[in-house]
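Visitor: Encoded as structure tokens, here's the structure I'll be asking about.
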Amino acid sequence: MAESRFDIVIFGATGFTGQFVVEEVARVSEEEGLTWAVAGRSMDKLQKVLTQASKMTGKELEEKTILIADTSNYESLLEMAKKAKVILNCVGPYRFYGEQVVKASIEGGASHLDISGEPQYMEKMQLMYHGKAKESKVYVVSACGFDSIPAEYGILHALQKFDGQVNSVESYMEFHTGPEGAAINSGTLESALYGFLHAGELKSLRKSLFPEALPSFKHKITKRSAFFKSDVINKWCTTFLGSDKSVIYRTQQYNHLEGKTKPVRYITNILVKKTRKDDFFKILLTLSPSCKV
Ligand SMILES: NC(=O)c1ccc[n+]([C@@H]2O[C@H](COP(=O)([O-])OP(=O)(O)OC[C@H]3O[C@@H](n4cnc5c(N)ncnc54)[C@H](OP(=O)(O)O)[C@@H]3O)[C@@H](O)[C@H]2O)c1
């Protein structure tokens with residue numbers, strides 16, 4: 001791999017999440033001896049992000065390289081990919097902007113990591129680009145965020161620590177908010193909404209990706225109503241509709257096909273709480289006006 005490549009290029013560094021990634025990379029890169037650059041479509045905004053990250057971390061970042069790349073310009077994505085060993089792609093919704101970055105990364109010889117929580121995008125990318133990525137000896141890894149690192153690690157932990165055959169893992173999630181209440185950023189909300197609206201695409205995608213279904217589980221879990229009181233935690237819950245289930249299914253499929261481990265059934269729940277009226281309105285207000293349903 002060419003020496004001139006940056007170890008990491010953060011694409012979408014100006015976004016809500018991208019800015020956290022910049023700060024974290026700034027913190028750990030020195031210790032790890034990593035070179036890095038930021039990328040996006042606005043030089044001015046990227047410069048401001050570096051200035052802000054410099055204030056937050058106390059690191060000298062004003063001279064960091066800025067690469068200009070736009071998802072509507074494939075050549076600019078390819079140029080960016082040729083300058084990176086790994087692209088941390090924070091540009092979403094991935095349904096709209098992800099594929100061209102994955103394609104350019106593979107062509108340009110860079111590995112691609114993203115924080116997508118969109119099952120249709122992730123499974124489509126695996127279906128279309130797994131072989132090409134393998135040929136180019138690069139990795140395409142999705143869901144490197146809240147979706148779905150805790151779920152993956154949780155199952156690994158259970159497999160390692162449970163003294164017996166793990167049949168199913170069930171997780172319970174509870175949201176806590178500070179005095180200002182809850183809010184969700186528009187980019188994330190938009191991605192989630194499009195995901196729900198197009199969930200129907202998953203069936204045919206999955207059939208092509210995994211023609212053979214996982215063997216049925218020996219110990220069935222009793223069907224529950226949409227809202228149920230868990231006898232494990234003694235609180236009211238409902239199914240969490242995030243992407244964890246889909247991500248875990250892909251891991252279980254892979255492990256099963258490779259003959260590594262017996263598949264584990266995964267169920268995710270979220271605790272039901274009373275939502276404050278002003279929280280609910282805040283969430284609605286963040287809905288992007290460009291979100292066409
Ligand atoms: N897995 C997880 O746990 C997790 C957590 C958080 C977020 N996410 C996902 O991460 C994605 C980003 O979320 P966010 O809330 O950070 O969104 P955001 O604040 O709206 O940021 C979007 C970023 O994409 C850039 N962008 C948009 N269109 C572009 C284009 N045509 N070319 C180049 N850059 C473009 C924006 O650049 P400009 O500044 O130039 O507009 C901005 O940097 C979403 O898909 C979200 O679901 C996942």
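By order of appearance in the structure tokens: chains A, B, ..., then residues from 1 within every chain, and ligands from 1 in the order shown.
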Residues near Cys90 (chain A), anyone? I mean within 6 Å using only C-alpha atoms, not counting same-chain ones fewer than 3 positions away, as a PDB file with all heavy atoms, in the first residue's frame.

Guide:
ATOM      1  N   PHE A  11     -14.605  11.026   6.397  1.00  0.00           N
ATOM      2  CA  PHE A  11     -15.474  11.636   5.390  1.00  0.00           C
ATOM      3  C   PHE A  11     -16.807  11.993   6.061  1.00  0.00           C
ATOM      4  O   PHE A  11     -17.403  11.170   6.750  1.00  0.00           O
ATOM      5  CB  PHE A  11     -15.686  10.646   4.241  1.00  0.00           C
ATOM      6  CG  PHE A  11     -16.511  11.183   3.109  1.00  0.00           C
ATOM      7  CD1 PHE A  11     -16.283  12.453   2.588  1.00  0.00           C
ATOM      8  CD2 PHE A  11     -17.512  10.404   2.524  1.00  0.00           C
ATOM      9  CE1 PHE A  11     -17.043  12.950   1.531  1.00  0.00           C
ATOM     10  CE2 PHE A  11     -18.277  10.886   1.462  1.00  0.00           C
ATOM     11  CZ  PHE A  11     -18.040  12.162   0.975  1.00  0.00           C
ATOM     12  N   GLY A  12     -17.263  13.239   5.813  1.00  0.00           N
ATOM     13  CA  GLY A  12     -18.478  13.699   6.512  1.00  0.00           C
ATOM     14  C   GLY A  12     -18.112  14.245   7.874  1.00  0.00           C
ATOM     15  O   GLY A  12     -18.896  14.170   8.833  1.00  0.00           O
ATOM     16  N   GLY A  18     -19.849  13.133  12.665  1.00  0.00           N
ATOM     17  CA  GLY A  18     -18.491  13.302  12.123  1.00  0.00           C
ATOM     18  C   GLY A  18     -17.612  14.139  13.044  1.00  0.00           C
ATOM     19  O   GLY A  18     -16.423  13.851  13.235  1.00  0.00           O
TER      20      GLY A  18
END

Visitor: Please extract the residues at most 9 Å from ligand 1, counting only C-alpha atoms and all ligand atoms, and provide them as a PyMOL selection string, using the chain letters and residue numbers of this document.

Guide: chain A and resi 11-20+39-43+45-46+68-73+89-98+114-118+142-149+184-192+243

Visitor: Please run DSSP on the backbone and report, as a PyMOL selection string, all residues within region 6-245 of chain A that come out as helix (DSSP H, G or I).

Guide: chain A and resi 16-32+43-57+74-82+94-108+119-135+149-161+186-197+199-209+244-245

Visitor: Report as a ChimeraX atom specification: the residues of region 59-279 of chain A with a DSSP assignment of strand (DSSP E), based on the backbone of this structure.

Guide: /A:66-68,84-89,111-114,140-141,168-173,227-229,236-239,265-271

Visitor: Would you kindly return, as an NGL selection string, each protein, DNA or RNA residue with an atom no farther than 8 Å from any atom of region 251-264 of chain A, considering only C-alpha atoms and excluding same-chain residues fewer than 4 positions away?

Guide: :A and (166-169 or 210 or 214-215 or 247)

Visitor: Please provide as a list of chain:residue names all residues within 12 Å of Ser171 (chain A), with the sequence filter that same-chain residues fewer than 6 positions apart are discarded (counting only C-alpha atoms).

Guide: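 Listing them by chain and then by number gives A:Pro150, A:Ala151, A:Glu152, A:Tyr153, A:Gly154, A:Ile155, A:Ala158, A:Ser230, A:Val232, A:Ile233, A:Cys237, A:Thr238, A:Thr239, A:Phe240, A:Asp244, A:Lys245, A:Arg265, A:Tyr266, A:Ile267, A:Thr268, A:Asn269, A:Ile270, A:Leu271.
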
Visitor: Could you write those residues out with N, CA, C and O atoms, as a CSV table (one decimal), in the first residue's frame?

Guide:
chain,number,residue,atom,x,y,z
A,150,PRO,N,-22.4,-2.6,20.6
A,150,PRO,CA,-22.7,-3.2,21.9
A,150,PRO,C,-23.4,-4.6,21.7
A,150,PRO,O,-23.2,-5.5,22.5
A,151,ALA,N,-24.3,-4.7,20.7
A,151,ALA,CA,-24.9,-6.0,20.4
A,151,ALA,C,-23.9,-7.1,20.1
A,151,ALA,O,-24.0,-8.2,20.6
A,152,GLU,N,-23.0,-6.8,19.2
A,152,GLU,CA,-22.0,-7.8,18.7
A,152,GLU,C,-21.2,-8.2,19.9
A,152,GLU,O,-20.9,-9.4,20.2
A,153,TYR,N,-20.7,-7.2,20.7
A,153,TYR,CA,-19.8,-7.5,21.8
A,153,TYR,C,-20.6,-8.3,22.9
A,153,TYR,O,-20.1,-9.1,23.6
A,154,GLY,N,-21.9,-7.9,23.1
A,154,GLY,CA,-22.7,-8.5,24.1
A,154,GLY,C,-22.8,-10.0,23.8
A,154,GLY,O,-22.7,-10.9,24.7
A,155,ILE,N,-23.0,-10.4,22.5
A,155,ILE,CA,-23.2,-11.8,22.2
A,155,ILE,C,-21.8,-12.5,22.3
A,155,ILE,O,-21.8,-13.6,22.9
A,158,ALA,N,-21.3,-13.2,25.9
A,158,ALA,CA,-22.2,-14.3,26.4
A,158,ALA,C,-21.6,-15.6,25.9
A,158,ALA,O,-21.5,-16.6,26.7
A,230,SER,N,-41.5,-7.6,31.2
A,230,SER,CA,-40.5,-8.6,31.3
A,230,SER,C,-40.4,-9.2,32.7
A,230,SER,O,-40.3,-8.4,33.7
A,232,VAL,N,-37.8,-10.7,33.6
A,232,VAL,CA,-36.3,-10.6,33.9
A,232,VAL,C,-36.1,-9.3,34.6
A,232,VAL,O,-35.4,-9.3,35.6
A,233,ILE,N,-36.6,-8.2,34.0
A,233,ILE,CA,-36.3,-6.9,34.6
A,233,ILE,C,-37.5,-6.3,35.3
A,233,ILE,O,-37.4,-5.2,35.9
A,237,CYS,N,-41.7,-3.3,28.3
A,237,CYS,CA,-40.8,-3.2,27.2
A,237,CYS,C,-41.6,-3.4,25.9
A,237,CYS,O,-42.7,-3.8,25.9
A,238,THR,N,-40.9,-3.1,24.8
A,238,THR,CA,-41.3,-3.4,23.5
A,238,THR,C,-40.1,-3.7,22.6
A,238,THR,O,-39.0,-3.5,23.1
A,239,THR,N,-40.3,-4.3,21.4
A,239,THR,CA,-39.2,-4.7,20.6
A,239,THR,C,-38.5,-3.4,20.1
A,239,THR,O,-39.1,-2.4,19.7
A,240,PHE,N,-37.2,-3.4,20.2
A,240,PHE,CA,-36.4,-2.3,19.6
A,240,PHE,C,-36.2,-2.5,18.1
A,240,PHE,O,-35.7,-3.5,17.7
A,244,ASP,N,-29.7,-3.7,15.0
A,244,ASP,CA,-28.9,-4.8,15.7
A,244,ASP,C,-29.3,-6.2,15.2
A,244,ASP,O,-28.5,-7.0,15.0
A,245,LYS,N,-30.6,-6.4,15.1
A,245,LYS,CA,-31.1,-7.8,14.8
A,245,LYS,C,-30.6,-8.2,13.5
A,245,LYS,O,-30.1,-9.3,13.3
A,265,ARG,N,-29.9,-17.0,18.7
A,265,ARG,CA,-31.1,-16.1,18.4
A,265,ARG,C,-30.9,-14.8,19.2
A,265,ARG,O,-30.5,-14.9,20.4
A,266,TYR,N,-31.2,-13.7,18.6
A,266,TYR,CA,-31.0,-12.4,19.3
A,266,TYR,C,-32.3,-11.6,19.3
A,266,TYR,O,-32.9,-11.4,18.3
A,267,ILE,N,-32.7,-11.2,20.5
A,267,ILE,CA,-33.9,-10.4,20.6
A,267,ILE,C,-33.5,-9.1,21.4
A,267,ILE,O,-32.8,-9.1,22.4
A,268,THR,N,-34.0,-8.0,20.8
A,268,THR,CA,-33.6,-6.7,21.4
A,268,THR,C,-34.9,-6.0,21.9
A,268,THR,O,-35.9,-5.9,21.2
A,269,ASN,N,-34.9,-5.5,23.1
A,269,ASN,CA,-36.0,-4.8,23.7
A,269,ASN,C,-35.6,-3.5,24.2
A,269,ASN,O,-34.5,-3.2,24.5
A,270,ILE,N,-36.6,-2.6,24.2
A,270,ILE,CA,-36.4,-1.3,24.8
A,270,ILE,C,-37.4,-1.0,25.8
A,270,ILE,O,-38.6,-1.4,25.7
A,271,LEU,N,-37.0,-0.4,26.9
A,271,LEU,CA,-37.9,-0.2,28.0
A,271,LEU,C,-38.9,1.0,27.6
A,271,LEU,O,-38.5,1.9,27.0

Visitor: Which residue out of A:Thr57, A:Ser76, A:Gln126, A:Ser4 has the minimum interatomic distance to Leu209 (chain A) when only C-alpha atoms are used?

Guide: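 Of A:Thr57, A:Ser76, A:Gln126, A:Ser4, the one nearest Leu209 (chain A) is A:Gln126, counting only C-alpha atoms.
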
Visitor: Near Thr51 (chain A), counting only C-alpha atoms, which residues have an atom at most 10 Å away, once you skip same-chain residues fewer than 4 positions from it, shown as a list in words?

Guide: Lys45, Leu46, Gln47, Lys55, Met56, Lys59, Glu60, Leu61, Glu62 and Glu63 of chain A

Visitor: If we count only C-alpha atoms, what is near region 101-109 of chain A at a cut-off of 9 Å, once residues fewer than 3 positions away on the same chain are taken out, given as a PyMOL selection string?

Guide: chain A and resi 1+71+74-75+77-87+89+97-98+112-113+125+129+132-133+136-140

Visitor: In Å to one decimal, how far is CA of Lys207 (chain A) from CA of Met128 (chain A)?

Guide: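 We find that CA of Met128 (chain A) and CA of Lys207 (chain A) lie 13.6 Å from each other.
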